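Participant: Data: query_13.txt, compact mmCIF, C-alpha atoms.
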```txt
# COMPACT_ATOMS: atom_id res chain seq x y z
CA MET B 252 0.00 0.00 0.00
CA MET B 253 2.77 2.45 0.92
CA GLN B 254 4.54 1.69 -2.35
CA ALA B 255 1.36 2.47 -4.30
CA VAL B 256 0.85 5.79 -2.46
CA ALA B 257 4.46 6.81 -3.05
CA ILE B 258 4.20 6.02 -6.74
CA ARG B 259 0.95 8.01 -7.10
CA ARG B 260 2.45 11.03 -5.31
CA LEU B 261 5.38 10.96 -7.68
CA GLY B 262 3.15 10.82 -10.73
CA VAL B 263 3.26 14.58 -11.25
CA LEU B 264 7.03 14.67 -10.96
CA SER B 265 7.48 11.78 -13.35
CA ARG B 266 5.41 13.52 -16.03
CA ALA B 267 7.80 16.48 -15.89
CA VAL B 268 10.74 14.29 -16.80
CA LEU B 269 9.11 11.80 -19.16
CA GLY B 270 11.60 10.33 -21.51
CA SER B 271 14.54 11.26 -19.27
CA PRO B 272 17.06 8.74 -17.91
CA CYS B 273 15.66 9.53 -14.45
CA LEU B 274 12.31 7.86 -15.18
CA ARG B 275 13.88 4.81 -16.73
CA GLN B 276 16.24 4.45 -13.76
CA TRP B 277 13.39 4.71 -11.28
CA SER B 278 11.22 2.18 -13.13
CA PHE B 279 14.07 -0.33 -13.14
CA CYS B 280 14.82 0.16 -9.42
CA ALA B 281 11.15 -0.05 -8.41
CA ALA B 282 10.65 -3.27 -10.33
CA ALA B 283 13.76 -4.80 -8.80
CA ASP B 284 12.64 -3.76 -5.33
CA ALA B 285 9.18 -5.32 -5.79
CA ALA B 286 10.79 -8.60 -6.84
CA ALA B 287 13.32 -8.65 -3.99
CA PRO B 288 12.39 -11.13 -1.24
CA GLY B 289 12.15 -9.85 2.32
CA ALA B 290 12.11 -6.16 1.46
CA GLY B 291 10.70 -4.03 4.23
CA ALA B 292 7.44 -2.16 3.75
CA GLY B 293 8.52 0.57 1.43
CA GLY B 294 12.13 0.60 2.65
CA GLY B 295 13.61 -0.70 -0.58
CA THR B 296 11.44 1.60 -2.65
CA ARG B 297 12.60 4.67 -0.75
CA ALA B 298 16.21 3.65 -1.33
CA ALA B 299 15.52 3.08 -5.01
CA LEU B 300 13.89 6.49 -5.31
CA ARG B 301 16.87 8.43 -4.01
CA PRO B 302 18.83 8.54 -7.28
CA TRP B 303 15.66 9.28 -9.22
CA LEU B 304 14.77 12.25 -6.97
CA ALA B 305 18.28 13.65 -7.30
CA CYS B 306 18.09 13.33 -11.07
CA ALA B 307 14.59 14.87 -11.16
CA SER B 308 15.77 17.85 -9.11
CA ALA B 309 18.58 18.46 -11.59
CA SER B 310 16.12 18.13 -14.47
CA PHE B 311 13.77 20.72 -12.98
CA SER B 312 16.65 23.17 -12.41
CA SER B 313 17.84 22.71 -15.98
CA SER B 314 14.30 23.12 -17.30
CA ALA B 315 13.78 26.35 -15.38
CA CYS B 316 17.03 27.80 -16.67
CA SER B 317 16.20 26.81 -20.24
CA SER B 318 12.74 28.36 -19.98
CA SER B 319 14.17 31.63 -18.67
CA SER B 320 16.87 31.89 -21.32
CA SER B 321 14.58 30.88 -24.18
CA SER B 322 11.97 33.50 -23.35
CA GLY B 323 13.88 35.99 -25.48
CA GLY B 324 12.85 39.11 -23.55
CA GLY B 325 14.19 38.15 -20.14
CA ASP B 326 17.38 40.18 -20.29
CA GLU B 327 15.60 43.17 -21.80
CA GLU B 328 12.91 43.05 -19.11
CA VAL B 329 15.57 43.02 -16.39
CA ARG B 330 17.33 45.98 -18.01
CA ARG B 331 14.11 47.99 -18.12
CA ALA B 332 13.26 47.18 -14.52
CA ARG B 333 16.70 48.30 -13.36
CA ALA B 334 16.45 51.50 -15.39
CA VAL B 335 13.12 52.39 -13.80
CA ALA B 336 14.31 51.50 -10.30
CA ALA B 337 17.55 53.47 -10.62
CA PRO B 338 17.30 56.97 -9.15
CA ALA B 339 17.36 59.76 -11.69
CA GLU B 340 20.37 62.03 -11.74
CA PRO B 341 19.72 65.27 -9.83
CA ASP B 342 18.73 68.28 -11.88
CA THR B 343 21.72 70.58 -11.49
CA ALA B 344 20.98 72.91 -14.41
CA PRO B 345 20.51 76.58 -13.53
CA ALA B 346 17.02 77.88 -12.81
CA THR B 347 15.28 79.69 -15.65
CA ILE B 348 12.63 82.34 -16.08
CA PHE B 349 10.10 79.51 -16.31
CA ASP B 350 10.76 78.61 -12.67
CA LYS B 351 9.71 82.13 -11.69
CA ILE B 352 6.59 81.85 -13.83
CA LEU B 353 5.73 78.54 -12.18
CA SER B 354 6.24 80.03 -8.71
CA ARG B 355 4.16 83.08 -9.76
CA GLU B 356 7.08 85.43 -9.11
CA ILE B 357 6.65 86.66 -12.67
CA PRO B 358 3.13 87.11 -14.09
CA ALA B 359 2.09 85.24 -17.19
CA LYS B 360 -1.08 84.94 -19.27
CA VAL B 361 -1.93 81.36 -18.39
CA VAL B 362 -4.27 79.59 -20.82
CA HIS B 363 -4.09 76.09 -19.35
CA GLU B 364 -2.89 74.38 -16.20
CA ASP B 365 -3.09 70.83 -14.88
CA GLU B 366 -1.08 68.66 -12.50
CA LYS B 367 1.68 68.05 -15.06
CA CYS B 368 2.02 71.18 -17.18
CA LEU B 369 1.44 74.89 -17.53
CA ALA B 370 0.62 76.73 -20.77
CA PHE B 371 0.90 80.49 -21.19
CA ARG B 372 1.26 83.07 -23.96
CA ASP B 373 4.75 83.91 -25.20
CA VAL B 374 5.84 87.47 -24.29
CA SER B 375 7.43 87.79 -27.75
CA PRO B 376 4.80 86.21 -30.01
CA GLN B 377 5.78 85.22 -33.55
CA ALA B 378 2.15 84.87 -34.63
CA PRO B 379 -1.30 85.95 -33.44
CA VAL B 380 -1.37 82.76 -31.37
CA HIS B 381 1.89 81.81 -29.68
CA ILE B 382 1.64 79.63 -26.58
CA LEU B 383 4.33 77.82 -24.60
CA VAL B 384 3.56 74.50 -22.91
CA ILE B 385 6.03 73.50 -20.20
CA PRO B 386 6.30 70.68 -17.64
CA LYS B 387 5.81 71.83 -14.07
CA GLU B 388 8.66 69.63 -12.88
CA ARG B 389 11.71 70.00 -15.09
CA ASP B 390 13.48 66.99 -13.53
CA GLY B 391 16.47 67.24 -15.87
CA LEU B 392 14.27 67.85 -18.91
CA THR B 393 16.20 70.88 -20.09
CA GLN B 394 16.05 69.74 -23.73
CA LEU B 395 14.09 67.19 -25.71
CA SER B 396 17.37 65.41 -26.45
CA LYS B 397 17.91 64.97 -22.70
CA ALA B 398 14.63 63.13 -22.16
CA ARG B 399 14.73 59.80 -20.30
CA ASP B 400 12.68 56.68 -20.98
CA ASP B 401 10.65 57.22 -17.80
CA GLN B 402 9.57 60.67 -19.07
CA ALA B 403 7.77 59.31 -22.13
CA ALA B 404 4.32 59.73 -20.57
CA LEU B 405 5.08 63.35 -19.65
CA LEU B 406 6.27 64.11 -23.18
CA GLY B 407 3.08 62.61 -24.57
CA HIS B 408 1.00 64.73 -22.20
CA LEU B 409 2.79 67.92 -23.28
CA LEU B 410 2.20 67.11 -26.94
CA LEU B 411 -1.44 66.21 -26.39
CA THR B 412 -2.05 69.41 -24.45
CA ALA B 413 -0.32 71.51 -27.10
CA GLY B 414 -2.38 69.88 -29.84
CA ARG B 415 -5.64 70.55 -28.04
CA LEU B 416 -4.73 74.19 -27.42
CA GLY B 417 -3.77 74.60 -31.07
CA ALA B 418 -6.98 73.04 -32.30
CA ALA B 419 -9.07 75.24 -30.01
CA GLN B 420 -7.36 78.54 -30.84
CA CYS B 421 -6.24 77.99 -34.44
CA PRO B 422 -9.07 76.31 -36.37
CA GLY B 423 -7.27 76.88 -39.66
CA GLY B 424 -4.18 75.02 -38.52
CA PHE B 425 -1.14 75.52 -36.35
CA ARG B 426 2.46 74.44 -35.86
CA LEU B 427 4.18 72.81 -32.88
CA VAL B 428 7.87 73.63 -32.43
CA VAL B 429 10.45 72.31 -29.97
CA ASN B 430 13.82 74.07 -30.13
CA ASP B 431 16.81 72.02 -28.98
CA GLY B 432 20.30 73.35 -28.35
CA PRO B 433 22.17 76.33 -29.82
CA ASP B 434 21.61 75.34 -33.45
CA GLY B 435 17.94 74.81 -32.69
CA CYS B 436 17.74 78.37 -31.34
CA GLN B 437 16.81 77.25 -27.81
CA SER B 438 16.94 80.23 -25.46
CA VAL B 439 15.41 78.78 -22.26
CA TYR B 440 16.72 75.45 -21.00
CA HIS B 441 13.47 74.12 -19.61
CA LEU B 442 11.73 72.01 -22.24
CA HIS B 443 8.83 73.88 -23.86
CA VAL B 444 6.53 73.28 -26.80
CA HIS B 445 5.62 76.29 -28.96
CA VAL B 446 2.08 76.39 -30.29
CA ILE B 447 2.11 78.84 -33.20
CA GLY B 448 -0.82 79.77 -35.43
CA GLY B 449 -3.49 82.30 -36.30
CA ARG B 450 -1.92 83.10 -39.69
CA PRO B 451 -0.49 81.19 -42.67
CA LEU B 452 2.96 79.88 -41.80
CA GLY B 453 5.76 79.62 -44.33
CA TRP B 454 7.91 76.59 -45.12
CA PRO B 455 10.64 75.74 -44.50
CA PRO B 456 10.81 77.33 -41.06
CA GLY B 457 13.91 79.07 -39.76
```
Will you turn the file into structure tokens for me?
Facilitator:
Amino acid sequence: MMQAVAIRRLGVLSRAVLGSPCLRQWSFCAAADAAAPGAGAGGGTRAALRPWLACASASFSSSACSSSSSSGGGDEEVRRARAVAAPAEPDTAPATIFDKILSREIPAKVVHEDEKCLAFRDVSPQAPVHILVIPKERDGLTQLSKARDDQAALLGHLLLTAGRLGAAQCPGGFRLVVNDGPDGCQSVYHLHVHVIGGRPLGWPPG
């Protein structure tokens, strides 16, 4: 009876290593044990199972490793997780005029505000409608080229907000501009999206 119970309990394990040398070794040992005269109740079977269990354990470890390595995206997933968990580098860039606008030290004609961004009219408009959309927290986002992977959602929010403002105020069409670096004519190093419209715009710009 004990032999039968042990064999049933090991049924699940044996299915995981079907076709392996472990199963063949166990079957041979179990049969020999059943035929041996004077074997104690289950004692010989337990002894016969020892090499099989050791082999099965090794098979499961090998199978787990193979499954992890064959998944294809394992290493990439680990890299992404580490990138998100890693603390961002501190924002050491100098404060800009936008910080004073955000703190209300300098007045601005605000046209939109939410928890992530602020939009206000440019003090030197290049068209009847000229709005700047900026993130409330710069967090190192001095330029578009400095954006990090974890800021993708914020960038999308800025673009969506700029598009909605443009559509509302420039029904005939508008242009979104992001200046980057000296050659891009960037004058304030706090990322901002220009919403320009209200008149026909020439091409190419600049």
Participant: Rank B:Ile352, B:Val361, B:Val384, B:Ala344 by their smallest atom-to-atom distance to Gly417 of chain B, using all atoms listed in the file, and report the top residue only.
Facilitator: B:Val384
Participant: Could you please give me, as a VMD selection string, the residues of protein, DNA or RNA lying at most 10 Å from (17.1, 68.6, -28.1) in the coordinate frame of the file, considering only C-alpha atoms?
Facilitator: chain B and resid 392 to 398 429 to 435 437 440 442
Participant: Mind pulling up the distance from atom CA of His363 of chain B to atom CA of Phe349 of chain B?
Facilitator: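 We find that atom CA of Phe349 of chain B and atom CA of His363 of chain B lie 14.9 Å from each other.
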Participant: Tell me which protein, DNA and RNA residues are within 12 Å of Asp390 of chain B, counting only C-alpha atoms, leaving out same-chain ones fewer than 4 positions away, and put them as an NGL selection string.
Facilitator: :B and (338-346 or 350 or 367 or 385-386 or 394 or 397-399 or 401-402 or 405 or 440-442)
Participant: Just the number, please: distance in Å from atom CA of Glu364 of chain B to atom CA of Ile447 of chain B, one decimal.
Facilitator: 18.3 Å
Participant: Just want the 12 Å neighbourhood of Pro422 of chain B, counted on only C-alpha atoms, with same-chain residues fewer than 6 positions away dropped. Output as a PyMOL selection string.
Facilitator: chain B and resi 380+414-416+447-451
Participant: Draw an axis-aligned box over all listed atoms of segment 440-453 of chain B, pad each side with 8 Å, and write its centre and edge lengths in Å, one decimal, as lines of an AutoDock Vina configuration file.
Facilitator:
```
center_x = 6.6
center_y = 77.6
center_z = -32.0
size_x = 36.2
size_y = 27.1
size_z = 40.7
```
Participant: To one decimal place, how far is atom CA of Lys387 of chain B from atom CA of Leu369 of chain B in Å?
Facilitator: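 Taking atom CA of Lys387 of chain B as the start and atom CA of Leu369 of chain B as the end point, the length is 6.4 Å.
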Participant: Pick the closest to Lys360 of chain B from B:Ile348, B:Asp373, B:Ala419, B:Leu409: which is it, counting all atoms listed in the file?
Facilitator: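 Ranking B:Ile348, B:Asp373, B:Ala419, B:Leu409 by distance to Lys360 of chain B, first place goes to B:Asp373.
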